[in-house]
$ cat upload_17.txt   # compact mmCIF, C-alpha atoms
# COMPACT_ATOMS: atom_id res chain seq x y z
CA MET A 224 112.97 100.54 68.80
CA SER A 225 113.66 102.62 65.71
CA GLY A 226 116.73 104.85 65.55
CA ALA A 227 114.72 107.60 63.88
CA VAL A 228 114.66 110.95 65.68
CA THR A 229 111.44 112.93 65.94
CA LEU A 230 111.91 116.68 66.15
CA LEU A 231 109.36 118.63 68.16
CA ARG A 232 108.11 121.69 66.37
CA ALA A 233 106.21 124.61 67.80
CA PRO A 234 102.65 124.92 66.52
CA THR A 235 102.23 127.43 63.72
CA THR A 236 99.17 128.99 65.36
CA ASN A 237 98.44 129.71 68.99
CA PRO A 238 95.97 127.15 70.40
CA ALA A 239 95.03 129.57 73.18
CA THR A 240 93.24 131.78 70.66
CA ARG A 241 91.10 128.89 69.42
CA PRO A 242 89.63 127.19 72.50
CA GLN A 243 87.33 124.21 72.18
CA LEU A 244 83.85 125.70 72.29
CA THR A 245 82.20 123.26 74.66
CA ASP A 246 78.64 123.70 75.92
CA ALA A 247 79.98 124.60 79.36
CA LEU A 248 82.26 127.28 77.91
CA ARG A 249 79.47 128.71 75.78
CA THR A 250 77.21 128.90 78.82
CA SER A 251 79.92 130.60 80.89
CA VAL A 252 80.64 133.17 78.19
CA GLU A 253 76.94 133.90 77.73
CA ALA A 254 76.49 134.49 81.47
CA LYS A 255 79.58 136.68 81.81
CA SER A 256 78.71 138.65 78.68
CA ALA A 257 75.28 139.39 80.11
CA ALA A 258 76.86 140.51 83.39
CA ALA A 259 79.38 142.75 81.62
CA LEU A 260 76.64 144.27 79.47
CA ALA A 261 74.52 144.91 82.56
CA LEU A 262 77.44 146.67 84.22
CA LEU A 263 77.99 148.84 81.15
CA ARG A 264 74.31 149.79 80.94
CA ALA A 265 74.22 150.61 84.65
CA ALA A 266 77.29 152.79 84.17
CA VAL A 267 75.55 154.71 81.37
CA ASP A 268 72.55 155.27 83.64
CA GLU A 269 74.80 156.45 86.47
CA PHE A 270 77.33 158.61 84.66
CA GLY A 271 75.41 159.92 81.66
CA THR A 272 75.24 159.75 77.88
CA GLY A 273 77.09 162.95 77.00
CA GLY A 274 80.66 161.68 77.01
CA GLU A 275 81.10 161.46 80.78
CA LEU A 276 81.83 157.74 80.47
CA THR A 277 84.71 156.56 78.29
CA PHE A 278 86.39 153.28 77.36
CA ALA A 279 90.17 153.02 76.91
CA ASN A 280 90.68 150.64 74.00
CA SER A 281 94.23 149.36 73.49
CA PHE A 282 93.05 146.73 70.98
CA GLY A 283 94.03 143.70 73.03
CA ALA A 284 91.74 140.68 73.02
CA GLU A 285 89.90 141.82 76.16
CA ASP A 286 89.38 145.30 74.75
CA MET A 287 87.95 143.83 71.57
CA VAL A 288 85.31 142.01 73.65
CA LEU A 289 84.27 145.31 75.22
CA THR A 290 84.44 147.12 71.88
CA ASP A 291 82.05 144.57 70.42
CA LEU A 292 79.65 144.81 73.37
CA ILE A 293 79.60 148.61 73.27
CA LEU A 294 79.30 149.07 69.51
CA ARG A 295 77.06 146.10 68.78
CA GLU A 296 74.63 147.21 71.50
CA LYS A 297 75.02 150.86 70.42
CA LEU A 298 75.75 151.99 73.96
CA PRO A 299 76.44 155.75 74.36
CA ILE A 300 79.97 155.19 75.63
CA GLU A 301 82.91 157.06 74.16
CA ILE A 302 85.79 154.90 72.93
CA PHE A 303 89.32 156.26 72.74
CA SER A 304 92.77 154.85 72.04
CA LEU A 305 96.37 155.92 72.65
CA ASP A 306 98.75 155.85 69.71
CA THR A 307 102.22 155.86 71.25
CA GLY A 308 103.92 156.22 67.88
CA ARG A 309 105.61 152.82 68.29
CA LEU A 310 102.74 150.38 67.96
CA PRO A 311 103.12 147.21 65.85
CA ALA A 312 101.87 147.36 62.26
CA GLU A 313 99.30 144.70 63.14
CA THR A 314 97.70 147.03 65.68
CA TYR A 315 97.22 149.75 63.08
CA THR A 316 95.69 147.18 60.75
CA LEU A 317 93.23 146.21 63.48
CA ILE A 318 92.27 149.85 64.06
CA GLY A 319 91.27 150.08 60.40
CA ASP A 320 89.41 146.77 60.60
CA VAL A 321 87.44 147.92 63.63
CA GLU A 322 86.42 151.20 62.01
CA LYS A 323 85.21 149.36 58.91
CA ARG A 324 83.49 146.53 60.78
CA TYR A 325 81.52 148.80 63.09
CA ALA A 326 81.20 151.82 60.76
CA THR A 327 82.76 154.15 63.30
CA ARG A 328 85.68 156.51 63.79
CA LEU A 329 87.78 156.01 66.89
CA LYS A 330 89.06 158.87 69.01
CA VAL A 331 92.86 158.65 69.08
CA PHE A 332 95.22 160.55 71.38
CA PHE A 333 98.91 161.02 70.56
CA PRO A 334 101.92 161.96 72.73
CA GLN A 335 103.04 165.57 72.81
CA SER A 336 105.70 165.78 70.07
CA ASP A 337 107.98 168.08 72.06
CA ALA A 338 107.97 165.67 75.03
CA VAL A 339 108.92 162.74 72.78
CA GLU A 340 111.68 164.76 71.13
CA THR A 341 113.09 165.82 74.50
CA TYR A 342 113.10 162.25 75.79
CA VAL A 343 114.83 160.86 72.70
CA ARG A 344 117.40 163.67 72.49
CA THR A 345 118.20 163.34 76.19
CA HIS A 346 118.22 159.58 76.66
CA GLY A 347 118.28 157.95 73.22
CA MET A 348 115.76 156.26 70.93
CA ASN A 349 115.63 152.97 72.86
CA ALA A 350 116.67 154.17 76.32
CA PHE A 351 113.78 152.23 77.89
CA TYR A 352 115.95 149.10 77.78
CA ASP A 353 118.55 150.71 80.06
CA SER A 354 116.58 150.98 83.30
CA VAL A 355 113.09 150.68 84.79
CA GLU A 356 113.19 154.42 85.48
CA LEU A 357 113.88 155.29 81.83
CA ARG A 358 111.30 152.76 80.62
CA LYS A 359 108.66 154.29 82.87
CA GLY A 360 109.71 157.71 81.66
CA CYS A 361 109.03 156.66 78.09
CA CYS A 362 105.69 155.18 79.12
CA PHE A 363 104.79 158.43 80.84
CA VAL A 364 105.47 160.50 77.75
CA ARG A 365 103.79 158.13 75.32
CA LYS A 366 100.94 156.76 77.46
CA VAL A 367 100.31 158.34 80.85
CA GLU A 368 100.23 161.99 79.78
CA PRO A 369 97.98 161.30 76.76
CA LEU A 370 95.70 159.26 79.04
CA ARG A 371 95.34 162.21 81.38
CA ARG A 372 94.17 164.35 78.48
CA ALA A 373 91.78 161.62 77.36
CA LEU A 374 90.23 161.36 80.83
CA ALA A 375 90.01 165.10 81.51
CA GLY A 376 86.44 166.02 82.45
CA LYS A 377 85.23 162.41 82.60
CA LYS A 378 83.31 160.85 85.49
CA ALA A 379 84.34 157.25 84.89
CA TRP A 380 86.44 155.12 82.58
CA ILE A 381 86.25 151.51 81.49
CA THR A 382 89.17 149.12 81.00
CA GLY A 383 89.63 145.57 79.74
CA LEU A 384 91.82 144.53 82.67
CA ARG A 385 91.52 141.00 84.05
CA ALA A 386 92.63 139.94 87.53
CA ALA A 387 94.43 136.88 86.15
CA GLN A 388 96.68 138.84 83.80
CA SER A 389 99.57 139.50 86.17
CA THR A 390 100.77 139.61 89.77
CA THR A 391 100.14 143.36 89.81
CA ARG A 392 96.42 142.85 89.10
CA THR A 393 95.50 140.20 91.67
CA GLY A 394 92.18 140.93 93.34
CA LEU A 395 91.12 143.42 90.68
CA PRO A 396 87.56 144.61 91.49
CA LEU A 397 84.80 145.24 88.99
CA ARG A 398 84.62 148.81 90.27
CA GLU A 399 87.18 150.97 92.04
CA PHE A 400 88.13 154.59 92.50
CA ASP A 401 91.11 155.68 90.43
CA GLU A 402 92.88 158.07 92.80
CA GLY A 403 95.53 158.98 90.25
CA ASN A 404 92.98 160.28 87.75
CA GLY A 405 90.26 161.23 90.24
CA LEU A 406 87.39 159.23 88.79
CA VAL A 407 85.63 155.87 88.94
CA LYS A 408 87.26 152.97 87.09
CA LEU A 409 85.26 149.99 85.84
CA ASN A 410 86.75 146.60 84.95
CA PRO A 411 83.85 144.57 83.49
CA LEU A 412 86.07 141.61 82.54
CA SER A 413 87.89 141.34 85.87
CA ASP A 414 86.73 137.76 86.53
CA TRP A 415 87.02 136.49 82.94
CA SER A 416 89.55 133.83 82.01
CA GLU A 417 91.69 134.03 78.89
CA THR A 418 89.72 131.08 77.49
CA GLU A 419 86.43 132.91 77.98
CA VAL A 420 87.78 135.99 76.23
CA TRP A 421 88.81 133.97 73.20
CA ALA A 422 85.59 131.97 73.19
CA TYR A 423 83.66 135.25 72.98
CA ILE A 424 85.84 136.45 70.11
CA ARG A 425 85.36 133.21 68.17
CA LEU A 426 81.64 132.92 68.87
CA ARG A 427 80.99 136.52 67.76
CA ASP A 428 83.64 136.60 65.02
CA VAL A 429 85.17 139.71 66.59
CA PRO A 430 88.22 141.26 64.85
CA HIS A 431 91.46 140.75 66.75
CA ASN A 432 95.15 141.55 66.49
CA ALA A 433 96.93 139.04 64.24
CA LEU A 434 99.85 138.95 66.69
CA HIS A 435 97.69 137.08 69.19
CA ASP A 436 97.73 134.07 66.89
CA GLN A 437 101.54 134.27 66.88
CA PHE A 438 101.85 133.80 70.68
CA TYR A 439 101.53 137.46 71.68
CA PRO A 440 98.84 137.33 74.41
CA SER A 441 99.63 140.87 75.61
CA ILE A 442 100.52 143.54 73.07
CA GLY A 443 101.91 147.01 73.69
CA CYS A 444 104.55 149.00 71.85
CA ALA A 445 106.51 146.98 69.30
CA PRO A 446 109.98 147.26 70.92
CA CYS A 447 108.58 146.32 74.34
CA THR A 448 106.57 143.27 73.29
CA ARG A 449 107.66 139.78 72.31
CA ALA A 450 106.01 136.41 71.78
CA ILE A 451 105.93 134.04 74.74
CA ALA A 452 106.89 130.39 75.03
CA VAL A 453 104.45 127.65 75.96
CA GLY A 454 103.92 127.73 79.72
CA GLU A 455 105.05 131.33 80.23
CA ASP A 456 102.82 133.83 81.99
CA VAL A 457 100.54 135.77 79.62
CA ARG A 458 102.34 139.02 80.48
CA ALA A 459 105.83 137.55 80.12
CA GLY A 460 106.24 139.15 76.71
CA ARG A 461 105.77 142.69 78.02
CA TRP A 462 109.00 144.40 79.18
CA TRP A 463 110.48 140.90 79.39
CA TRP A 464 113.86 142.21 80.61
CA GLU A 465 112.30 143.50 83.86
CA ASP A 466 111.19 141.93 87.14
CA PRO A 467 107.46 140.99 86.98
CA ALA A 468 106.71 143.25 89.94
CA SER A 469 107.59 146.35 87.86
CA LYS A 470 105.65 145.37 84.75
CA GLU A 471 103.13 148.20 84.52
CA CYS A 472 103.34 151.29 82.34
CA GLY A 473 101.73 153.66 84.83
CA LEU A 474 98.21 153.62 83.40
CA HIS A 475 96.86 151.26 86.06
CA VAL A 476 99.14 151.70 89.06
CA LYS A 477 97.45 152.51 92.37
CA LYS A 478 98.77 155.16 94.73
CA GLY A 479 100.10 154.26 98.12
$ encode --input "upload_17.txt" --output "structure tokens"
Amino acid sequence: MSGAVTLLRAPTTNPATRPQLTDALRTSVEAKSAAALALLRAAVDEFGTGGELTFANSFGAEDMVLTDLILREKLPIEIFSLDTGRLPAETYTLIGDVEKRYATRLKVFFPQSDAVETYVRTHGMNAFYDSVELRKGCCFVRKVEPLRRALAGKKAWITGLRAAQSTTRTGLPLREFDEGNGLVKLNPLSDWSETEVWAYIRLRDVPHNALHDQFYPSIGCAPCTRAIAVGEDVRAGRWWWEDPASKECGLHVKKG
């Protein structure tokens, strides 16, 4: 036996974002894409074509699947995004790529500047690391309040949530009533696997956030997102200093 030592090195690209496109996977993605598209079309018929139905696009992999379905099929569904002011540079690059690729302008909502200033002056620039309460306070100012403005007057909103993403999303239905915002909430990708999401992106050559290829399966604000290690949960890189049970920003938390 040789005395040579072999050092294990982490792969330079994330294999999860480049699944093997087997016939079975292609068939599964085709079937689930058709089902998601049917749900979106039914939602348009039910809620209207005048802006009553909106899609919250945070530019994660799942949201890019829905963005492609909506814009490629020219569905009359509004698309909006929340710019927290602390997004990674790669997310802003993707926003530009999406607007060029689909020849569109995205509707972007920003936090109220006075609320951000008050939070920072009171608690500090990175106070969200100090406690769950302060982290959720930052999320409220930068995400929850802007979301409320984005959803004002809407009948239903669409998300890219998947049931398998975290312990807080187990049993996620395709359709539910969002009590917090007082409207219907649709989750067309609820039963999709991460592999199916990435197969769709590769098969359709859909733009995606470059951080995904660097082991960032879930991307939020830059200071609250890190890469994950092989074998970690896909949401492990979000608010990694907290207990998994608290890992929501307030956008998708149910009452009661």
$ atom_distance --input "upload_17.txt" --atom1 "atom CA of A:Asn280" --atom2 "atom CA of A:Phe303"
5.9 Å
$ residues_around --input "upload_17.txt" --residues "A:Pro446" --least-positions-apart "6" --cutoff "9 Å" --atoms "all atoms listed in the file" --output "PyMOL selection string"
chain A and resi 309-311+349+462
$ atom_distance --input "upload_17.txt" --atom1 "atom CA of A:Leu412" --atom2 "atom CA of A:Glu275"
20.5 Å
$ closest_residue --input "upload_17.txt" --among "A:Ala386, A:Leu374, A:Met287, A:Thr418" --to "A:Gly405" --atoms "all atoms listed in the file"
A:Leu374
$ closest_residue --input "upload_17.txt" --among "A:Leu397, A:Leu426, A:Val343, A:Val367" --to "A:Asp414" --atoms "only C-alpha atoms"
A:Leu397
$ closest_residue --input "upload_17.txt" --among "A:Glu322, A:Ser416, A:Gly283, A:Gly376" --to "A:Asn404" --atoms "all atoms listed in the file"
A:Gly376
$ atom_distance --input "upload_17.txt" --atom1 "atom CA of A:Thr382" --atom2 "atom CA of A:Asp286"
7.3 Å
$ closest_residue --input "upload_17.txt" --among "A:Thr277, A:Asn432, A:Gln437, A:Ser251" --to "A:Ala239" --atoms "all atoms listed in the file"
A:Gln437
$ closest_residue --input "upload_17.txt" --among "A:Val267, A:Leu289, A:Met348, A:Ala261" --to "A:Ile424" --atoms "all atoms listed in the file"
A:Leu289
$ closest_residue --input "upload_17.txt" --among "A:Ala350, A:Gly360, A:His431, A:Ala450" --to "A:Gly319" --atoms "all atoms listed in the file"
A:His431
$ axis_aligned_box --input "upload_17.txt" --around "stretch 401-415 of chain A" --padding-each-side "4 Å" --output "JSON"
{"center_x": 89.7, "center_y": 148.9, "center_z": 87.7, "size_x": 19.7, "size_y": 32.7, "size_z": 18.3}
$ residues_around --input "upload_17.txt" --residues "A:Asp306" --least-positions-apart "6" --cutoff "10 Å" --atoms "all atoms listed in the file" --output "number ranges by chain"
A: 281, 314-315, 331-334, 365-366, 369, 444
